[in-house]
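Participant: Here you go, input17.pdb (PDB, C-alpha atoms):
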```pdb
ATOM      1  CA  MET A 110      32.641 -17.578  17.294
ATOM      2  CA  ARG A 111      35.887 -16.277  15.935
ATOM      3  CA  ALA A 112      35.240 -12.543  16.177
ATOM      4  CA  PRO A 113      38.013 -10.195  17.351
ATOM      5  CA  TRP A 114      37.089 -11.293  20.886
ATOM      6  CA  ALA A 115      38.033 -14.937  21.365
ATOM      7  CA  VAL A 116      34.991 -17.046  22.134
ATOM      8  CA  LEU A 117      33.763 -20.580  21.555
ATOM      9  CA  VAL A 118      30.693 -21.602  19.563
ATOM     10  CA  LEU A 119      29.630 -25.128  20.396
ATOM     11  CA  GLY A 120      27.012 -27.616  19.326
ATOM     12  CA  PHE A 121      28.044 -28.604  15.791
ATOM     13  CA  ALA A 122      27.575 -32.322  16.402
ATOM     14  CA  VAL A 123      24.911 -33.138  13.829
ATOM     15  CA  SER A 124      25.637 -32.950  10.122
ATOM     16  CA  VAL A 125      23.019 -31.724   7.681
ATOM     17  CA  PRO A 126      22.666 -32.116   3.915
ATOM     18  CA  THR A 127      24.246 -29.498   1.698
ATOM     19  CA  ALA A 128      22.424 -27.532  -0.921
ATOM     20  CA  ASP A 129      24.790 -28.880  -3.575
ATOM     21  CA  ALA A 130      23.923 -32.448  -2.631
ATOM     22  CA  GLU A 131      20.216 -31.761  -2.997
ATOM     23  CA  ASN A 132      20.712 -29.947  -6.273
ATOM     24  CA  ASP A 133      22.760 -32.819  -7.722
ATOM     25  CA  SER A 134      20.046 -35.318  -6.901
ATOM     26  CA  ASN A 135      17.435 -33.026  -8.516
ATOM     27  CA  GLU A 136      14.856 -34.349  -6.102
ATOM     28  CA  SER A 137      14.916 -35.130  -2.383
ATOM     29  CA  GLU A 138      12.504 -36.213   0.279
ATOM     30  CA  ASP A 139      12.497 -32.668   1.642
ATOM     31  CA  SER A 140      11.670 -31.084  -1.698
ATOM     32  CA  GLU A 141       8.071 -32.301  -1.700
ATOM     33  CA  GLY A 142       5.022 -31.360   0.289
ATOM     34  CA  SER A 143       3.220 -28.317   1.537
ATOM     35  CA  ALA A 144       5.042 -25.159   2.585
ATOM     36  CA  SER A 145       2.381 -23.994   4.986
ATOM     37  CA  GLU A 146       3.558 -21.623   7.707
ATOM     38  CA  GLY A 147       4.561 -23.410  10.907
ATOM     39  CA  SER A 148       5.507 -26.642   9.106
ATOM     40  CA  ALA A 149       8.248 -25.720   6.701
ATOM     41  CA  THR A 150       9.520 -27.861   3.881
ATOM     42  CA  HIS A 151      13.154 -27.436   2.835
ATOM     43  CA  HIS A 152      13.403 -26.788  -0.896
ATOM     44  CA  GLY A 153      16.609 -26.910  -2.895
ATOM     45  CA  PRO A 154      17.703 -23.958  -5.014
ATOM     46  CA  GLY A 155      16.441 -25.711  -8.139
ATOM     47  CA  SER A 156      12.874 -25.880  -6.860
ATOM     48  CA  LEU A 157      10.140 -24.410  -9.057
ATOM     49  CA  LEU A 158       8.712 -22.362  -6.170
ATOM     50  CA  ASN A 159       8.562 -18.600  -6.110
ATOM     51  CA  ALA A 160      10.711 -16.490  -3.784
ATOM     52  CA  SER A 161       7.900 -16.033  -1.259
ATOM     53  CA  THR A 162       7.674 -19.817  -0.695
ATOM     54  CA  ALA A 163      11.142 -21.293  -1.304
ATOM     55  CA  ARG A 164      13.906 -21.242   1.264
ATOM     56  CA  CYS A 165      16.798 -18.855   0.674
ATOM     57  CA  ARG A 166      19.752 -20.408  -1.134
ATOM     58  CA  SER A 167      22.328 -21.581   1.399
ATOM     59  CA  ALA A 168      25.240 -23.962   1.761
ATOM     60  CA  GLU A 169      23.275 -26.146   4.187
ATOM     61  CA  TYR A 170      19.696 -26.593   5.315
ATOM     62  CA  PRO A 171      18.382 -26.546   8.886
ATOM     63  CA  LEU A 172      17.815 -29.929  10.469
ATOM     64  CA  SER A 173      14.222 -29.040  11.330
ATOM     65  CA  SER A 174      12.807 -25.635  10.430
ATOM     66  CA  LYS A 175       9.360 -24.210  11.070
ATOM     67  CA  CYS A 176      10.062 -21.076   9.022
ATOM     68  CA  VAL A 177       9.138 -20.632   5.373
ATOM     69  CA  GLY A 178       9.986 -18.305   2.527
ATOM     70  CA  CYS A 179      12.908 -16.050   1.767
ATOM     71  CA  PRO A 180      13.544 -14.320   4.032
ATOM     72  CA  PRO A 181      12.325 -17.157   6.275
ATOM     73  CA  MET A 182       9.389 -16.210   8.505
ATOM     74  CA  TYR A 183       7.180 -17.841  11.125
ATOM     75  CA  LYS A 184       3.770 -16.476  12.070
ATOM     76  CA  GLY A 185       4.558 -13.147  10.433
ATOM     77  CA  LYS A 186       7.964 -12.632  12.081
ATOM     78  CA  LEU A 187      11.486 -12.950  10.686
ATOM     79  CA  CYS A 188      13.462 -16.018  11.707
ATOM     80  CA  ALA A 189      17.055 -16.346  12.890
ATOM     81  CA  SER A 190      19.523 -19.024  13.864
ATOM     82  CA  THR A 191      21.138 -19.152  17.302
ATOM     83  CA  THR A 192      24.193 -20.666  18.944
ATOM     84  CA  TRP A 193      25.662 -20.270  22.438
ATOM     85  CA  TYR A 194      29.113 -19.192  23.530
ATOM     86  CA  GLU A 195      31.273 -18.210  26.489
ATOM     87  CA  ASP A 196      33.292 -14.989  26.502
ATOM     88  CA  ARG A 197      34.630 -13.329  29.622
ATOM     89  CA  THR A 198      36.160 -10.315  27.866
ATOM     90  CA  LEU A 199      34.638  -6.853  27.460
ATOM     91  CA  GLY A 200      33.416  -7.924  24.029
ATOM     92  CA  SER A 201      33.175  -5.721  20.968
ATOM     93  CA  CYS A 202      30.822  -3.360  22.806
ATOM     94  CA  GLY A 203      33.294  -2.594  25.612
ATOM     95  CA  CYS A 204      31.051  -3.797  28.435
ATOM     96  CA  GLY A 205      33.222  -3.600  31.536
ATOM     97  CA  THR A 206      35.899  -1.461  33.134
ATOM     98  CA  PRO A 207      37.881   0.485  30.506
ATOM     99  CA  GLY A 208      41.471  -0.690  30.463
ATOM    100  CA  ASP A 209      40.609  -4.179  31.702
ATOM    101  CA  ASN A 210      40.455  -7.057  29.254
ATOM    102  CA  TRP A 211      38.278  -9.314  31.407
ATOM    103  CA  VAL A 212      35.162  -8.986  33.536
ATOM    104  CA  ASP A 213      34.378 -10.661  36.862
ATOM    105  CA  ASP A 214      32.511 -13.938  36.773
ATOM    106  CA  ASP A 215      29.426 -12.329  38.309
ATOM    107  CA  TYR A 216      29.341  -9.382  35.868
ATOM    108  CA  TRP A 217      25.949  -8.737  34.255
ATOM    109  CA  THR A 218      27.121  -9.546  30.720
ATOM    110  CA  LEU A 219      27.957 -13.077  31.896
ATOM    111  CA  THR A 220      25.053 -13.767  34.245
ATOM    112  CA  GLY A 221      22.200 -12.144  32.317
ATOM    113  CA  TRP A 222      20.534 -12.474  28.934
ATOM    114  CA  THR A 223      23.071 -11.027  26.499
ATOM    115  CA  ALA A 224      24.104 -11.929  22.970
ATOM    116  CA  ALA A 225      26.352 -11.238  20.017
ATOM    117  CA  LEU A 226      24.633 -10.250  16.756
ATOM    118  CA  ASN A 227      25.980 -10.928  13.280
ATOM    119  CA  ASN A 228      28.085  -7.983  12.169
ATOM    120  CA  VAL A 229      26.115  -6.930   9.060
ATOM    121  CA  ASN A 230      22.976  -6.440  11.154
ATOM    122  CA  LEU A 231      24.918  -5.004  14.079
ATOM    123  CA  ASP A 232      26.466  -2.203  12.026
ATOM    124  CA  PRO A 233      25.180  -2.121   8.433
ATOM    125  CA  GLU A 234      27.267   0.920   7.457
ATOM    126  CA  HIS A 235      30.484  -0.442   8.947
ATOM    127  CA  PRO A 236      30.195  -4.237   9.214
ATOM    128  CA  GLU A 237      33.976  -4.461   9.483
ATOM    129  CA  ALA A 238      33.973  -2.541  12.774
ATOM    130  CA  GLY A 239      35.303  -4.875  15.452
ATOM    131  CA  TRP A 240      35.138  -2.266  18.225
ATOM    132  CA  CYS A 241      32.047  -0.311  19.256
ATOM    133  CA  PRO A 242      29.714  -1.182  16.364
ATOM    134  CA  SER A 243      26.647   1.043  16.171
ATOM    135  CA  GLY A 244      24.098  -1.560  17.291
ATOM    136  CA  CYS A 245      25.595  -2.184  20.726
ATOM    137  CA  GLY A 246      23.104  -2.059  23.579
ATOM    138  CA  ARG A 247      19.978  -2.747  21.526
ATOM    139  CA  CYS A 248      17.491  -5.346  22.711
ATOM    140  CA  TYR A 249      15.734  -8.102  20.769
ATOM    141  CA  GLU A 250      13.009 -10.512  21.741
ATOM    142  CA  LEU A 251      13.755 -14.053  20.584
ATOM    143  CA  CYS A 252      10.971 -16.638  20.520
ATOM    144  CA  THR A 253      11.421 -20.314  19.736
ATOM    145  CA  THR A 254       9.629 -21.744  16.710
ATOM    146  CA  GLY A 255       9.958 -25.386  17.722
ATOM    147  CA  GLY A 256      12.662 -25.800  15.068
ATOM    148  CA  THR A 257      16.412 -26.322  15.264
ATOM    149  CA  THR A 258      19.339 -25.664  12.966
ATOM    150  CA  ASN A 259      21.777 -28.536  13.516
ATOM    151  CA  THR A 260      21.159 -30.245  16.859
ATOM    152  CA  ASP A 261      18.289 -32.463  17.923
ATOM    153  CA  SER A 262      19.349 -33.217  21.489
ATOM    154  CA  ARG A 263      16.983 -30.569  22.886
ATOM    155  CA  ILE A 264      14.305 -29.123  20.627
ATOM    156  CA  ALA A 265      12.558 -26.333  22.514
ATOM    157  CA  GLU A 266       8.796 -26.028  22.480
ATOM    158  CA  PRO A 267       7.504 -23.158  20.322
ATOM    159  CA  GLY A 268       6.587 -19.859  21.928
ATOM    160  CA  GLN A 269       9.341 -19.630  24.557
ATOM    161  CA  CYS A 270      10.432 -15.973  24.508
ATOM    162  CA  LYS A 271      13.291 -14.039  26.100
ATOM    163  CA  VAL A 272      14.672 -10.521  25.562
ATOM    164  CA  PHE A 273      18.431 -10.260  24.984
ATOM    165  CA  LYS A 274      20.711  -7.216  25.043
ATOM    166  CA  ILE A 275      23.453  -7.018  22.395
ATOM    167  CA  THR A 276      26.923  -6.778  23.944
ATOM    168  CA  ASN A 277      29.133  -8.421  21.328
ATOM    169  CA  ARG A 278      29.698  -9.040  17.628
ATOM    170  CA  CYS A 279      29.778 -12.220  15.550
ATOM    171  CA  ALA A 280      31.647 -12.249  12.247
ATOM    172  CA  ASP A 281      32.113 -15.988  11.667
ATOM    173  CA  GLY A 282      32.451 -16.486   7.911
ATOM    174  CA  TRP A 283      32.104 -12.813   7.009
ATOM    175  CA  THR A 284      35.755 -12.114   7.752
ATOM    176  CA  GLU A 285      36.893 -15.317   6.022
ATOM    177  CA  ASP A 286      34.395 -14.831   3.152
ATOM    178  CA  ARG A 287      32.874 -18.296   3.463
ATOM    179  CA  PRO A 288      29.439 -19.604   4.474
ATOM    180  CA  ASP A 289      29.103 -19.713   8.268
ATOM    181  CA  TRP A 290      26.801 -18.568  11.082
ATOM    182  CA  CYS A 291      27.499 -14.850  10.621
ATOM    183  CA  SER A 292      28.470 -14.641   6.954
ATOM    184  CA  GLN A 293      25.344 -12.776   5.764
ATOM    185  CA  LYS A 294      26.042 -10.232   3.022
ATOM    186  CA  LEU A 295      22.636  -8.530   3.372
ATOM    187  CA  THR A 296      20.894  -7.157   6.447
ATOM    188  CA  TRP A 297      17.505  -8.493   7.412
ATOM    189  CA  GLU A 298      15.987  -5.180   6.292
ATOM    190  CA  GLU A 299      17.569  -5.535   2.832
ATOM    191  CA  CYS A 300      16.360  -9.121   2.533
ATOM    192  CA  LYS A 301      12.832  -8.212   3.530
ATOM    193  CA  ALA A 302      12.760  -5.332   1.044
ATOM    194  CA  ASN A 303      14.196  -7.403  -1.818
ATOM    195  CA  PRO A 304      13.337 -11.137  -1.551
ATOM    196  CA  SER A 305      14.806 -11.875  -4.988
ATOM    197  CA  LYS A 306      18.168 -10.448  -3.937
ATOM    198  CA  CYS A 307      17.853 -12.348  -0.661
ATOM    199  CA  GLN A 308      17.562 -15.592  -2.662
ATOM    200  CA  GLU A 309      21.057 -15.139  -4.065
ATOM    201  CA  HIS A 310      23.835 -17.324  -2.708
ATOM    202  CA  ARG A 311      25.613 -15.817   0.339
ATOM    203  CA  SER A 312      22.940 -13.188   0.971
ATOM    204  CA  THR A 313      22.005 -15.148   4.100
ATOM    205  CA  ASN A 314      24.086 -17.322   6.422
ATOM    206  CA  MET A 315      25.012 -20.955   5.845
ATOM    207  CA  PHE A 316      21.551 -22.125   6.937
ATOM    208  CA  GLY A 317      19.624 -19.463   5.004
ATOM    209  CA  TYR A 318      18.816 -17.063   7.865
ATOM    210  CA  THR A 319      19.043 -13.273   7.605
ATOM    211  CA  ALA A 320      20.186 -12.874  11.229
ATOM    212  CA  HIS A 321      22.174 -14.840  13.788
ATOM    213  CA  PHE A 322      22.303 -14.459  17.567
ATOM    214  CA  ASP A 323      25.163 -16.007  19.572
ATOM    215  CA  LEU A 324      23.853 -16.265  23.142
ATOM    216  CA  GLN A 325      26.109 -15.765  26.175
ATOM    217  CA  ASP A 326      26.117 -18.990  28.197
ATOM    218  CA  ALA A 327      28.893 -18.437  30.736
ATOM    219  CA  HIS A 328      26.643 -19.666  33.557
ATOM    220  CA  ARG A 329      24.718 -22.217  31.473
ATOM    221  CA  GLN A 330      21.684 -19.947  31.447
ATOM    222  CA  ILE A 331      20.999 -20.928  27.831
ATOM    223  CA  GLN A 332      21.580 -24.681  27.768
ATOM    224  CA  HIS A 333      20.358 -25.483  31.271
ATOM    225  CA  GLY A 334      18.232 -22.455  32.139
ATOM    226  CA  LEU A 335      16.237 -22.141  28.915
ATOM    227  CA  GLY A 336      17.006 -25.578  27.516
ATOM    228  CA  TRP A 337      18.034 -24.047  24.181
ATOM    229  CA  ASP A 338      20.706 -25.624  21.986
ATOM    230  CA  ASN A 339      21.055 -23.923  18.595
ATOM    231  CA  VAL A 340      17.310 -23.406  18.385
ATOM    232  CA  GLU A 341      15.518 -21.592  15.585
ATOM    233  CA  VAL A 342      13.838 -18.373  16.723
ATOM    234  CA  THR A 343      11.859 -15.405  15.531
ATOM    235  CA  PHE A 344      13.268 -12.002  16.411
ATOM    236  CA  GLU A 345      12.177  -8.406  16.686
ATOM    237  CA  ARG A 346      13.768  -5.330  18.186
ATOM    238  CA  VAL A 347      12.077  -4.217  21.415
ATOM    239  CA  SER A 348      12.545  -1.630  24.144
ATOM    240  CA  CYS A 349      15.273  -2.505  26.631
ATOM    241  CA  ASP A 350      12.724  -1.735  29.350
ATOM    242  CA  ARG A 351      11.641  -5.312  28.751
ATOM    243  CA  TRP A 352      15.131  -6.737  29.302
ATOM    244  CA  GLU A 353      15.604  -8.612  32.589
ATOM    245  CA  GLY A 354      18.880  -6.986  33.554
ATOM    246  CA  PRO A 355      20.301  -4.190  35.694
ATOM    247  CA  ARG A 356      18.868  -0.818  34.693
ATOM    248  CA  ASP A 357      22.207   0.867  35.307
ATOM    249  CA  SER A 358      24.090  -1.458  32.980
ATOM    250  CA  VAL A 359      26.273   0.418  30.509
ATOM    251  CA  CYS A 360      29.063  -0.495  28.150
ATOM    252  CA  SER A 361      31.408   2.266  29.259
ATOM    253  CA  GLY A 362      34.046   1.413  26.688
ATOM    254  CA  CYS A 363      31.664   2.463  23.926
ATOM    255  CA  GLU A 364      29.630   5.240  25.513
ATOM    256  CA  ARG A 365      28.713   7.883  22.964
TER     257      ARG A 365
END
```
In structure tokens, how does this file's structure come out?

Facilitator:
Amino acid sequence: MRAPWAVLVLGFAVSVPTADAENDSNESEDSEGSASEGSATHHGPGSLLNASTARCRSAEYPLSSKCVGCPPMYKGKLCASTTWYEDRTLGSCGCGTPGDNWVDDDYWTLTGWTAALNNVNLDPEHPEAGWCPSGCGRCYELCTTGGTTNTDSRIAEPGQCKVFKITNRCADGWTEDRPDWCSQKLTWEECKANPSKCQEHRSTNMFGYTAHFDLQDAHRQIQHGLGWDNVEVTFERVSCDRWEGPRDSVCSGCER
């Protein structure tokens, strides 16, 4: 992730077909079959399916997705892409000691279940805000679908859920104005309210998701603990009472 706070997003080893390649061929193996929920079929932008069935237009398609429609959904919940990263700074939410640039290796943002959220969803009114965006400190439950975006080394079983607290911002692609993990132009609320608008190119990220979560993995809690590697998930905002972290955790740099 190349947000204002220097971090690393890993796991880009497997290439996937581009939307342009599928469109040029007019027909692909993935463009046929049933689009029943829980066993998604990837349709190119030229498909004669309506917006409620076809995938959102995107630069690339997930390697193996269980989500259908635009916005993509699985069992009635919105879907998102995930990656993992390591960042030992205070992050965009200022989680740490004010005046310090780094946190100790055993600090809760590094050892617990925390994440960066794509900037348009993190602060819809001010997506350009690199410091103290409005969505800091919110909690989301992520549940695996059994799908994956671009890696097949470890495909998690469906139904594995974990609550994450947002402590950082991801703006990959949004700042550079190119398709990437966090380049969404619309929020997930806007996409859900207007599926036709959501279908437009660049409304979602490079894999056609309305949200992206970059998961803190400083202690390998994601790759080794959960066994997740760029897995596809459903997401919903939940009370932070459900988050498995210190109850006195605050991001003092952004206290309001």

Participant: Out of A:Phe344, A:Trp337, A:Trp290, A:Trp193, which residue has the shortest atom-to-atom distance to Ala224 (chain A) when counting only C-alpha atoms?

Facilitator: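 Smallest separation from Ala224 (chain A) among the options: A:Trp193.
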
Participant: What does the PyMOL selection byres ((chain A and resi 310) around 8) select in this file, as JSON, numbers by chain?

Facilitator: {"A": [165, 166, 167, 308, 309, 311, 312, 313]}

Participant: Pick the closest to Pro236 (chain A) from A:Gln325, A:Thr343, A:Asn303, A:Ser292: which is it, counting all atoms listed in the file?

Facilitator: A:Ser292

Participant: For this file, the PyMOL selection byres ((chain A and resi 197) around 7) selects which residues, as number ranges by chain?

Facilitator: A: 195-196, 198-199, 211-212

Participant: Which one is closest to Thr284 (chain A): A:Ala238, A:Val340, A:Ala320, A:Leu251? Count all atoms listed in the file.

Facilitator: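 Going through A:Ala238, A:Val340, A:Ala320, A:Leu251 one by one, the smallest distance to Thr284 (chain A) is for A:Ala238.
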
Participant: Out of A:Leu172, A:Asn314, A:Ser201, A:Pro181, which residue has the shortest atom-to-atom distance to Gly362 (chain A) when counting all atoms listed in the file?

Facilitator: A:Ser201

Participant: So which one's closest to Asn230 (chain A), A:Glu298, A:Asp281, A:Asp326, A:Glu169? Using all atoms listed in the file, please.

Facilitator: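 That would be A:Glu298, the residue with the smallest distance to Asn230 (chain A).
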
Participant: Using all atoms listed in the file, which residues sit within 12 Å of Gln330 (chain A) once same-chain residues fewer than 2 positions away are excluded, as a list in words?

Facilitator: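 Neighbouring residues, sequence-local ones excluded: Trp193, Tyr194, Glu195, Thr218, Leu219, Thr220, Gly221, Trp222, Thr223, Ala224, Lys271, Leu324, Gln325, Asp326, Ala327, His328, Gln332, His333, Gly334, Leu335, Gly336, Trp337 and Asp338 of chain A.
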